[in-house]
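See below for entry_0.csv, which holds CSV, C-alpha atoms.
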chain,number,residue,atom,x,y,z
A,26,MET,CA,3.6,43.3,38.5
A,27,HIS,CA,2.8,41.8,35.1
A,28,ASP,CA,-0.7,43.2,35.3
A,29,HIS,CA,0.5,46.7,36.1
A,30,VAL,CA,3.0,46.6,33.2
A,31,GLU,CA,0.2,45.7,30.8
A,32,LEU,CA,-2.0,48.4,32.3
A,33,LEU,CA,0.7,51.0,31.8
A,34,LYS,CA,1.3,49.8,28.2
A,35,ASN,CA,-2.4,50.1,27.4
A,36,MET,CA,-2.2,53.6,28.8
A,37,GLY,CA,0.4,54.4,26.1
A,38,HIS,CA,3.5,54.4,28.2
A,39,ASP,CA,6.9,53.0,27.1
A,40,VAL,CA,7.7,50.5,29.8
A,41,ARG,CA,10.9,48.6,30.5
A,42,VAL,CA,11.1,45.9,33.2
A,43,VAL,CA,14.0,45.3,35.6
A,44,ASN,CA,13.4,42.4,37.9
A,45,PRO,CA,16.4,42.0,40.4
A,46,LEU,CA,16.8,38.5,41.8
A,47,PRO,CA,19.0,37.1,44.5
A,48,ARG,CA,21.8,34.6,43.7
A,49,MET,CA,20.4,31.3,44.8
A,50,PRO,CA,21.4,27.7,44.5
A,51,ARG,CA,18.8,25.1,43.6
A,52,PHE,CA,18.6,23.5,47.0
A,53,ALA,CA,17.8,26.9,48.6
A,54,GLU,CA,15.1,27.5,46.1
A,55,ALA,CA,13.4,24.2,46.9
A,56,ARG,CA,12.9,25.3,50.5
A,57,ARG,CA,11.1,28.5,49.5
A,58,SER,CA,8.0,28.2,47.4
A,59,THR,CA,7.9,32.0,46.6
A,60,MET,CA,11.4,31.7,45.0
A,61,PHE,CA,10.3,29.1,42.4
A,62,GLY,CA,12.5,29.3,39.3
A,63,VAL,CA,14.9,31.9,40.7
A,64,SER,CA,18.0,29.8,40.6
A,65,LYS,CA,17.8,29.1,36.9
A,66,ALA,CA,16.2,32.4,35.7
A,67,PRO,CA,18.2,33.9,32.8
A,68,LYS,CA,19.8,37.3,33.0
A,69,ARG,CA,17.6,38.6,30.3
A,70,TRP,CA,14.4,37.2,28.7
A,71,ASN,CA,11.5,38.2,26.6
A,72,PHE,CA,8.0,38.1,28.0
A,73,GLU,CA,5.0,38.8,25.8
A,74,GLY,CA,7.0,41.0,23.6
A,75,GLY,CA,8.8,42.9,26.3
A,76,ASP,CA,12.4,42.7,27.4
A,77,VAL,CA,13.0,41.8,31.1
A,78,GLN,CA,16.4,42.3,32.7
A,79,CYS,CA,17.2,40.3,35.8
A,80,PRO,CA,20.3,41.6,37.5
A,81,ARG,CA,21.6,39.4,40.4
A,82,PHE,CA,22.4,40.6,43.9
A,83,PHE,CA,23.8,38.9,46.9
A,84,GLY,CA,21.4,38.4,49.8
A,85,LEU,CA,21.4,35.7,52.5
A,86,PRO,CA,18.0,34.3,53.6
A,87,GLU,CA,16.2,36.8,55.9
A,88,HIS,CA,18.9,39.3,55.1
A,89,PRO,CA,20.9,39.0,58.4
A,90,TYR,CA,23.4,41.6,57.0
A,91,PRO,CA,21.1,44.2,55.3
A,92,SER,CA,23.9,46.6,54.6
A,93,VAL,CA,25.6,43.9,52.5
A,94,THR,CA,22.4,43.2,50.5
A,95,ALA,CA,21.9,47.0,50.0
A,96,TRP,CA,25.5,47.4,48.8
A,97,SER,CA,25.2,44.5,46.4
A,98,ILE,CA,21.9,45.5,44.8
A,99,LYS,CA,23.1,49.2,44.5
A,100,ARG,CA,26.1,48.1,42.5
A,101,ARG,CA,23.7,46.7,39.8
A,102,ALA,CA,22.8,50.3,38.8
A,103,ALA,CA,25.6,50.5,36.2
A,104,SER,CA,24.6,47.2,34.5
A,105,VAL,CA,21.0,48.3,34.4
A,106,GLU,CA,22.0,51.6,32.8
A,107,GLN,CA,24.2,49.8,30.3
A,108,HIS,CA,21.4,47.4,29.3
A,109,LEU,CA,18.9,50.2,28.7
A,110,GLY,CA,21.4,52.1,26.5
A,111,SER,CA,20.2,55.6,25.7
A,112,TRP,CA,16.7,55.0,26.9
A,113,ARG,CA,15.7,56.8,30.1
A,114,PRO,CA,12.4,56.8,32.0
A,115,ASP,CA,10.4,59.7,33.1
A,116,ALA,CA,9.7,57.9,36.4
A,117,ILE,CA,10.6,54.6,38.1
A,118,VAL,CA,7.8,52.4,39.6
A,119,CYS,CA,9.1,49.9,42.2
A,120,HIS,CA,6.8,47.1,43.2
A,121,THR,CA,8.4,46.5,46.6
A,122,LEU,CA,10.6,48.4,49.0
A,123,TRP,CA,13.1,46.0,50.3
A,124,PRO,CA,15.6,45.4,48.8
A,125,VAL,CA,14.7,46.4,45.3
A,126,GLY,CA,13.9,50.0,46.5
A,127,VAL,CA,17.6,50.5,47.1
A,128,LEU,CA,18.2,50.0,43.3
A,129,ALA,CA,15.3,52.2,42.4
A,130,ASN,CA,16.5,55.0,44.7
A,131,ALA,CA,20.0,54.7,43.2
A,132,LEU,CA,18.8,54.9,39.6
A,133,ALA,CA,16.4,57.8,40.4
A,134,LYS,CA,19.4,59.8,41.7
A,135,ARG,CA,21.6,58.7,38.8
A,136,TRP,CA,19.0,59.8,36.2
A,137,ALA,CA,17.4,62.7,38.2
A,138,VAL,CA,13.9,61.2,37.9
A,139,PRO,CA,11.2,60.5,40.6
A,140,TRP,CA,10.6,57.0,41.8
A,141,ILE,CA,7.4,55.6,43.1
A,142,GLY,CA,7.3,52.9,45.8
A,143,VAL,CA,4.4,50.4,45.8
A,144,VAL,CA,3.6,48.5,49.0
A,145,HIS,CA,1.5,45.3,48.6
A,146,GLY,CA,1.7,44.1,52.1
A,147,HIS,CA,4.9,42.2,53.0
A,148,ASP,CA,7.1,45.2,53.5
A,149,PHE,CA,4.8,46.6,56.2
A,150,ASP,CA,3.1,43.5,57.5
A,151,VAL,CA,6.3,41.5,58.0
A,152,GLY,CA,9.3,43.7,57.3
A,153,LEU,CA,8.5,46.4,59.8
A,154,ASN,CA,8.5,43.8,62.5
A,155,THR,CA,12.0,42.6,61.8
A,156,HIS,CA,15.5,44.0,61.9
A,157,LEU,CA,14.9,45.5,58.5
A,158,ASN,CA,12.4,48.0,59.8
A,159,LYS,CA,14.8,51.0,59.6
A,160,HIS,CA,15.7,50.2,56.0
A,161,ILE,CA,12.1,49.7,54.9
A,162,ALA,CA,10.9,52.9,56.7
A,163,GLY,CA,13.8,54.8,55.2
A,164,LEU,CA,12.9,53.7,51.7
A,165,ALA,CA,9.3,54.6,52.2
A,166,ALA,CA,10.4,58.1,53.3
A,167,SER,CA,12.9,58.6,50.4
A,168,CYS,CA,10.6,57.7,47.5
A,169,SER,CA,9.0,60.6,45.6
A,170,LYS,CA,5.6,59.0,46.1
A,171,LEU,CA,4.4,56.0,48.1
A,172,VAL,CA,1.5,54.0,46.7
A,173,CYS,CA,-0.3,51.6,49.1
A,174,VAL,CA,-2.8,49.1,47.7
A,175,THR,CA,-5.1,49.3,50.7
A,176,PRO,CA,-6.2,52.0,53.3
A,177,ARG,CA,-4.8,49.7,56.1
A,178,LEU,CA,-1.3,49.8,54.6
A,179,ALA,CA,-1.6,53.6,54.1
A,180,ASN,CA,-2.5,54.0,57.8
A,181,ILE,CA,0.7,52.1,58.7
A,182,ALA,CA,2.7,54.4,56.4
A,183,GLU,CA,1.3,57.5,58.0
A,184,GLY,CA,2.3,56.2,61.4
A,185,LEU,CA,6.0,55.7,60.6
A,186,PRO,CA,8.5,57.9,62.4
A,187,GLN,CA,9.2,59.7,59.2
A,188,PRO,CA,6.0,59.5,57.0
A,189,PRO,CA,6.4,59.4,53.2
A,190,GLN,CA,6.7,62.7,51.3
A,191,ASP,CA,3.5,61.9,49.3
A,192,LEU,CA,1.1,59.1,49.9
A,193,THR,CA,-1.8,57.7,48.0
A,194,ILE,CA,-4.0,54.6,47.8
A,195,ILE,CA,-4.4,52.7,44.5
A,196,PRO,CA,-5.7,49.1,44.7
A,197,CYS,CA,-4.5,46.4,42.4
A,198,HIS,CA,-6.9,46.3,39.5
A,199,THR,CA,-9.1,43.2,39.3
A,200,HIS,CA,-9.9,41.9,35.8
A,201,VAL,CA,-10.6,38.3,34.8
A,202,GLY,CA,-11.5,38.7,31.1
A,203,LYS,CA,-14.7,37.9,29.3
A,204,ASP,CA,-13.9,34.2,28.9
A,205,TRP,CA,-14.0,33.7,32.7
A,206,ALA,CA,-16.3,36.5,34.0
A,207,ARG,CA,-19.6,35.0,35.2
A,208,PRO,CA,-22.5,36.2,37.3
A,209,MET,CA,-22.9,34.7,40.8
A,210,LYS,CA,-25.3,31.8,40.3
A,211,PRO,CA,-27.1,29.9,43.1
A,212,TRP,CA,-25.8,26.5,44.0
A,213,ARG,CA,-28.1,23.6,43.1
A,214,GLY,CA,-27.6,20.1,44.5
A,215,ARG,CA,-28.6,17.7,47.2
A,216,TRP,CA,-28.1,19.3,50.6
A,217,ARG,CA,-25.3,17.5,52.6
A,218,LYS,CA,-25.2,14.7,50.1
A,219,ALA,CA,-23.6,16.2,47.0
A,220,SER,CA,-20.0,16.5,46.0
A,221,ILE,CA,-18.5,20.0,46.4
A,222,ASP,CA,-15.1,21.4,45.4
A,223,LEU,CA,-13.4,23.8,47.8
A,224,LEU,CA,-10.7,26.0,46.2
A,225,PHE,CA,-7.7,26.8,48.3
A,226,PRO,CA,-6.1,29.6,46.2
A,227,ALA,CA,-2.5,29.4,47.4
A,228,ASP,CA,0.5,27.2,47.6
A,229,PRO,CA,-0.1,24.8,50.6
A,230,ARG,CA,3.7,24.9,51.4
A,231,ARG,CA,3.4,28.5,52.6
A,232,PRO,CA,2.7,28.3,56.3
A,233,GLU,CA,1.0,31.7,56.5
A,234,LYS,CA,-1.7,30.5,54.1
A,235,ARG,CA,-2.9,27.9,56.7
A,236,HIS,CA,-3.7,25.0,54.4
A,237,LEU,CA,-4.4,22.8,57.4
A,238,LEU,CA,-7.3,25.0,58.5
A,239,ALA,CA,-8.9,24.6,55.1
A,240,LEU,CA,-8.5,20.8,55.3
A,241,GLN,CA,-10.0,20.7,58.8
A,242,ALA,CA,-13.0,22.6,57.5
A,243,GLY,CA,-13.4,20.1,54.7
A,244,GLU,CA,-13.3,17.2,57.3
A,245,ILE,CA,-16.1,18.8,59.3
A,246,LEU,CA,-18.2,19.2,56.1
A,247,GLU,CA,-17.6,15.6,55.3
A,248,GLN,CA,-18.8,14.7,58.8
A,249,ARG,CA,-22.0,16.5,57.9
A,250,GLY,CA,-22.6,14.4,54.8
A,251,TRP,CA,-20.8,16.4,52.0
A,252,VAL,CA,-18.3,14.7,49.7
A,253,VAL,CA,-15.5,17.3,49.7
A,254,GLY,CA,-12.6,17.8,47.4
A,255,VAL,CA,-10.0,20.5,48.0
A,256,THR,CA,-8.1,22.0,45.0
A,257,THR,CA,-4.9,24.0,45.6
A,258,LEU,CA,-3.1,26.5,43.4
A,259,ARG,CA,0.7,26.5,43.1
A,260,HIS,CA,2.4,28.0,40.1
A,261,GLN,CA,-0.3,27.6,37.4
A,262,PRO,CA,-0.7,30.1,34.6
A,263,ARG,CA,-3.3,32.8,35.1
A,264,ASP,CA,-5.8,31.2,32.7
A,265,VAL,CA,-5.6,27.9,34.6
A,266,VAL,CA,-6.2,29.7,37.9
A,267,PHE,CA,-9.4,31.3,36.4
A,268,ASP,CA,-10.5,27.9,35.1
A,269,ARG,CA,-10.2,26.5,38.7
A,270,MET,CA,-12.1,29.4,40.1
A,271,MET,CA,-14.9,28.9,37.6
A,272,VAL,CA,-15.5,25.2,38.4
A,273,ALA,CA,-15.0,25.5,42.2
A,274,ASP,CA,-18.1,25.6,44.4
A,275,VAL,CA,-16.6,27.8,47.1
A,276,THR,CA,-13.2,29.6,47.4
A,277,VAL,CA,-11.8,29.4,50.9
A,278,VAL,CA,-9.3,32.0,52.2
A,279,THR,CA,-7.6,31.1,55.5
A,280,SER,CA,-4.4,33.3,55.4
A,281,LEU,CA,-2.8,34.9,58.5
A,282,ARG,CA,-2.0,38.0,56.5
A,283,GLU,CA,-3.1,39.4,53.1
A,284,ALA,CA,-3.4,42.8,51.5
A,285,GLY,CA,-6.5,42.3,49.3
A,286,PRO,CA,-6.4,39.4,48.7
A,287,LEU,CA,-6.6,39.7,44.9
A,288,VAL,CA,-7.6,36.0,44.5
A,289,ALA,CA,-10.8,36.6,46.5
A,290,ARG,CA,-11.9,39.4,44.1
A,291,GLU,CA,-11.0,37.3,41.1
A,292,ALA,CA,-13.0,34.4,42.3
A,293,LEU,CA,-16.0,36.6,42.9
A,294,LEU,CA,-15.8,37.9,39.3
A,295,CYS,CA,-15.6,34.3,38.1
A,296,GLY,CA,-18.9,33.7,39.8
A,297,THR,CA,-17.6,31.7,42.8
A,298,PRO,CA,-18.6,32.4,46.4
A,299,VAL,CA,-15.6,33.3,48.7
A,300,VAL,CA,-15.6,32.3,52.4
A,301,SER,CA,-12.8,34.0,54.2
A,302,VAL,CA,-11.3,34.7,57.6
A,303,ASP,CA,-11.2,38.4,58.5
A,304,VAL,CA,-7.9,39.2,56.8
A,305,GLY,CA,-6.8,42.1,54.6
A,306,GLU,CA,-9.7,44.0,53.1
A,307,VAL,CA,-12.2,41.2,52.6
A,308,ALA,CA,-14.7,42.6,55.2
A,309,THR,CA,-15.1,45.7,53.0
A,310,TYR,CA,-16.5,43.8,50.0
A,311,LEU,CA,-17.6,40.3,51.0
A,312,PRO,CA,-21.0,39.7,52.6
A,313,SER,CA,-20.7,39.7,56.4
A,314,SER,CA,-22.0,36.1,56.5
A,315,TRP,CA,-19.0,35.0,54.4
A,316,VAL,CA,-16.4,36.5,56.7
A,317,VAL,CA,-15.9,34.0,59.6
A,318,GLU,CA,-13.7,33.3,62.6
A,319,PRO,CA,-10.5,31.4,61.9
A,320,THR,CA,-11.8,28.0,63.1
A,321,PRO,CA,-12.7,24.9,61.1
A,322,GLU,CA,-16.3,25.0,62.4
A,323,ALA,CA,-16.8,28.6,61.5
A,324,LEU,CA,-15.4,28.0,58.0
A,325,ALA,CA,-17.6,25.0,57.5
A,326,ASP,CA,-20.7,27.0,58.6
A,327,GLY,CA,-19.6,29.8,56.2
A,328,VAL,CA,-19.3,27.4,53.3
A,329,GLU,CA,-22.8,26.1,53.9
A,330,ARG,CA,-24.3,29.6,54.2
A,331,ALA,CA,-22.7,30.5,50.9
A,332,LEU,CA,-24.1,27.4,49.2
A,333,HIS,CA,-27.5,27.7,50.7
A,334,ASP,CA,-28.1,31.5,50.6
A,335,GLY,CA,-26.1,32.5,47.5
A,336,TRP,CA,-25.0,36.1,47.0
A,337,PRO,CA,-27.1,38.0,49.6
A,338,LEU,CA,-26.4,41.6,48.5
A,339,GLU,CA,-28.4,43.7,46.1
A,340,GLU,CA,-25.3,45.0,44.4
A,341,THR,CA,-23.6,42.6,42.0
A,342,PRO,CA,-19.9,41.5,42.7
A,343,GLN,CA,-18.9,43.7,39.8
A,344,ASP,CA,-20.5,46.7,41.4
A,345,VAL,CA,-19.0,45.9,44.8
A,346,LEU,CA,-15.5,45.7,43.3
A,347,ALA,CA,-15.9,48.8,41.2
A,348,PHE,CA,-13.2,50.5,43.3
A,349,ALA,CA,-10.6,48.1,41.8
A,350,SER,CA,-11.9,48.1,38.2
A,351,VAL,CA,-9.4,48.7,35.3
A,352,ASP,CA,-10.8,52.1,34.5
A,353,THR,CA,-10.7,53.3,38.2
A,354,VAL,CA,-7.1,52.1,38.7
A,355,LYS,CA,-6.0,53.5,35.3
A,356,ASN,CA,-7.4,56.9,36.1
A,357,ALA,CA,-5.6,56.9,39.5
A,358,TRP,CA,-2.2,56.0,38.0
A,359,THR,CA,-2.7,58.7,35.3
A,360,GLU,CA,-3.1,61.3,38.0
A,361,VAL,CA,0.0,60.1,39.9
A,362,LEU,CA,2.2,60.1,36.8
A,363,GLU,CA,1.0,63.4,35.6
A,364,ALA,CA,1.5,65.0,39.0
A,365,LEU,CA,5.2,63.9,39.0
A,366,ARG,CA,5.8,65.6,35.6
A,367,GLU,CA,4.6,68.9,37.0
What would you get if you wrote out this structure as structure tokens?
Amino acid sequence: MHDHVELLKNMGHDVRVVNPLPRMPRFAEARRSTMFGVSKAPKRWNFEGGDVQCPRFFGLPEHPYPSVTAWSIKRRAASVEQHLGSWRPDAIVCHTLWPVGVLANALAKRWAVPWIGVVHGHDFDVGLNTHLNKHIAGLAASCSKLVCVTPRLANIAEGLPQPPQDLTIIPCHTHVGKDWARPMKPWRGRWRKASIDLLFPADPRRPEKRHLLALQAGEILEQRGWVVGVTTLRHQPRDVVFDRMMVADVTVVTSLREAGPLVAREALLCGTPVVSVDVGEVATYLPSSWVVEPTPEALADGVERALHDGWPLEETPQDVLAFASVDTVKNAWTEVLEALRE
């Protein structure tokens, strides 16, 4: 969301950020890596010159009583309005559907403005297969426009019992900055004798990322003679993440589910090969030899092909990822926002 806020500000929009968070004790946060810092997050804080409001709502893990969660977050509309004072938006952009879309829908009706729902993956890939499916499908149908970050997610949206009023595809833009952007360089070292660093670009505590699969691939590579180190990413700042991508020999993606994933694109722009299981949209921009079966042997073979052959396409990674460039995404959002004003 931070990247999108910066993009909209660079486009000349006046952006205010509301980030609803669940009430959560410290012990509950410790069991959920994606909720890091939620229990002690302040109600309001300043981030890079922008004011961020964090209204709290009540929601039990996995939302066993979704109507209670929806009622709680909907009640936060008045406090959000009071915090914003006389400022009112021309449109609301909501970077998830459940449960934050309930608040976005309530504020949109309260202010008589359109709201845009953005689906990054979890709402459809996970939420639609749970007891929350009716709530998520209802929010997708009630928003003024639904933005999906990949064609696959858009196909799911079109197949809902009540499809969205208006649907479009806008990928998350991929930009690493000139300090980290590097061309894809061939690997040079002693074959099956040198030390290599594999980057696992996720929190290993998240089971859907399948950290064990990456470790097993590393063990096989060591059996073949390599000296393998595996670096993981948890809650590092973005510049540290890019630093890790630059120094890694190969980035390995083993997730069960992903939308992009964005880290694969960022690693390519940092000049690092990416070997991935066939997840998300990687097969549309990675070389076919770098997209492998979800087995340790196949991952190890893919890593060796990436090291030995280098980037096999005539197009550069920057050209392949042009669909997610800053200018392309900026133009797409300009069209969306201008259409809502008409």
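Closest approach to A:Trp123 among A:His236, A:His160, A:Lys218, A:His108: A:His160, based on only C-alpha atoms.
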Proximity check stretch 306-344 of chain A to stretch 186-201 of chain A, 12 Å, nearest pairs one decimal Å, only C-alpha atoms, as CSV:
residue,atom,partner,partner_atom,distance
A:Glu306,CA,A:Pro196,CA,10.6
A:Pro342,CA,A:Thr199,CA,11.4
A:Gln343,CA,A:Thr199,CA,9.8
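Picture a line from atom CA of A:Val345 to atom CA of A:Leu287; it runs 13.9 Å.
Atom pair atom CA of A:Leu258 / atom CA of A:Leu240 has a distance of 14.3 Å (rounded to one decimal).
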**Study point:** For atom CA of A:Thr175 and atom CA of A:His147, the interatomic separation in Å (one decimal)
**Key:**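 Atom CA of A:His147 lies 12.5 Å from atom CA of A:Thr175.
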Check your understanding: Can you list, as a ChimeraX atom specification, every protein, DNA or RNA residue that comes within 8 Å of A:Met209 when you count only C-alpha atoms, leaving out same-chain residues fewer than 6 positions away?
Key -> /A:293-298,335-336,342
May I have the residues at most 9 Å from (-15.5, 36.4, 53.8) in the file's coordinates, counting only C-alpha atoms, as a PDB file with C-alpha atoms, in the coordinates of the input?
ATOM      1  CA  VAL A 277     -11.800  29.400  50.900  1.00  0.00           C
ATOM      2  CA  VAL A 278      -9.300  32.000  52.200  1.00  0.00           C
ATOM      3  CA  ALA A 289     -10.800  36.600  46.500  1.00  0.00           C
ATOM      4  CA  PRO A 298     -18.600  32.400  46.400  1.00  0.00           C
ATOM      5  CA  VAL A 299     -15.600  33.300  48.700  1.00  0.00           C
ATOM      6  CA  VAL A 300     -15.600  32.300  52.400  1.00  0.00           C
ATOM      7  CA  SER A 301     -12.800  34.000  54.200  1.00  0.00           C
ATOM      8  CA  VAL A 302     -11.300  34.700  57.600  1.00  0.00           C
ATOM      9  CA  ASP A 303     -11.200  38.400  58.500  1.00  0.00           C
ATOM     10  CA  VAL A 304      -7.900  39.200  56.800  1.00  0.00           C
ATOM     11  CA  VAL A 307     -12.200  41.200  52.600  1.00  0.00           C
ATOM     12  CA  ALA A 308     -14.700  42.600  55.200  1.00  0.00           C
ATOM     13  CA  TYR A 310     -16.500  43.800  50.000  1.00  0.00           C
ATOM     14  CA  LEU A 311     -17.600  40.300  51.000  1.00  0.00           C
ATOM     15  CA  PRO A 312     -21.000  39.700  52.600  1.00  0.00           C
ATOM     16  CA  SER A 313     -20.700  39.700  56.400  1.00  0.00           C
ATOM     17  CA  SER A 314     -22.000  36.100  56.500  1.00  0.00           C
ATOM     18  CA  TRP A 315     -19.000  35.000  54.400  1.00  0.00           C
ATOM     19  CA  VAL A 316     -16.400  36.500  56.700  1.00  0.00           C
ATOM     20  CA  VAL A 317     -15.900  34.000  59.600  1.00  0.00           C
ATOM     21  CA  GLY A 327     -19.600  29.800  56.200  1.00  0.00           C
TER      22      GLY A 327
END
Within 8 Å of (-3.3, 42.1, 46.5) in the file's own coordinates, which protein, DNA or RNA residues have an atom, counting all atoms listed in the file? List them as a short mmCIF file (atom, residue, chain, number, x, y, z; two decimals) with C-alpha atoms, keeping the file's coordinate frame.
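Saved to result09.cif:
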data_model
loop_
_atom_site.label_atom_id
_atom_site.label_comp_id
_atom_site.auth_asym_id
_atom_site.auth_seq_id
_atom_site.Cartn_x
_atom_site.Cartn_y
_atom_site.Cartn_z
CA HIS A 145 1.50 45.30 48.60
CA GLY A 146 1.70 44.10 52.10
CA VAL A 174 -2.80 49.10 47.70
CA PRO A 196 -5.70 49.10 44.70
CA CYS A 197 -4.50 46.40 42.40
CA GLU A 283 -3.10 39.40 53.10
CA ALA A 284 -3.40 42.80 51.50
CA GLY A 285 -6.50 42.30 49.30
CA PRO A 286 -6.40 39.40 48.70
CA LEU A 287 -6.60 39.70 44.90
CA VAL A 288 -7.60 36.00 44.50
#
Check your understanding: Which polymer residues have any atom within 9 Å of an atom of A:Gly254, counting all atoms listed in the file, with same-chain residues fewer than 2 positions away left out, as a list of chain:residue names?
Key ->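 Contacts, in chain order: A:Ser220, A:Ile221, A:Asp222, A:Leu223, A:Leu224, A:Gly243, A:Val252, A:Thr256.
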**Study point:** Residue contacts of stretch 181-185 of chain A (8 Å, all atoms listed in the file) excluding same-chain residues fewer than 6 positions away, as a ChimeraX atom specification
**Key:** /A:149,162,165
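Shortest atom-to-atom contact with A:Trp212 among A:Pro232, A:Ala66, A:Ala331, A:Trp96: A:Ala331, counting only C-alpha atoms.
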So that I can see what lies close to A:Ile161, please list as a CSV table (one decimal) with C-alpha atoms, in the frame of the given file the residues with an atom at most 8 Å from it, counting only C-alpha atoms and leaving out residues fewer than 4 positions away in the same chain.
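Printed below is result.csv as written:
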chain,number,residue,atom,x,y,z
A,122,LEU,CA,10.6,48.4,49.0
A,123,TRP,CA,13.1,46.0,50.3
A,148,ASP,CA,7.1,45.2,53.5
A,152,GLY,CA,9.3,43.7,57.3
A,153,LEU,CA,8.5,46.4,59.8
A,157,LEU,CA,14.9,45.5,58.5
A,165,ALA,CA,9.3,54.6,52.2
Review point. Near stretch 359-364 of chain A, counting only C-alpha atoms, which residues have an atom at most 10 Å away, once you skip same-chain residues fewer than 2 positions from it, shown as a PyMOL selection string?
Key: chain A and resi 33+36+115-116+118+139+141+170+172+193+195+354-357+366-367
Exercise for review: Could you tell me which of A:Gln248, A:Thr257, A:Ser64, A:Thr320 comes closest to A:Arg230 if we count all atoms listed in the file?
Suggested key: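 For A:Arg230, the nearest of the given residues is A:Thr257.
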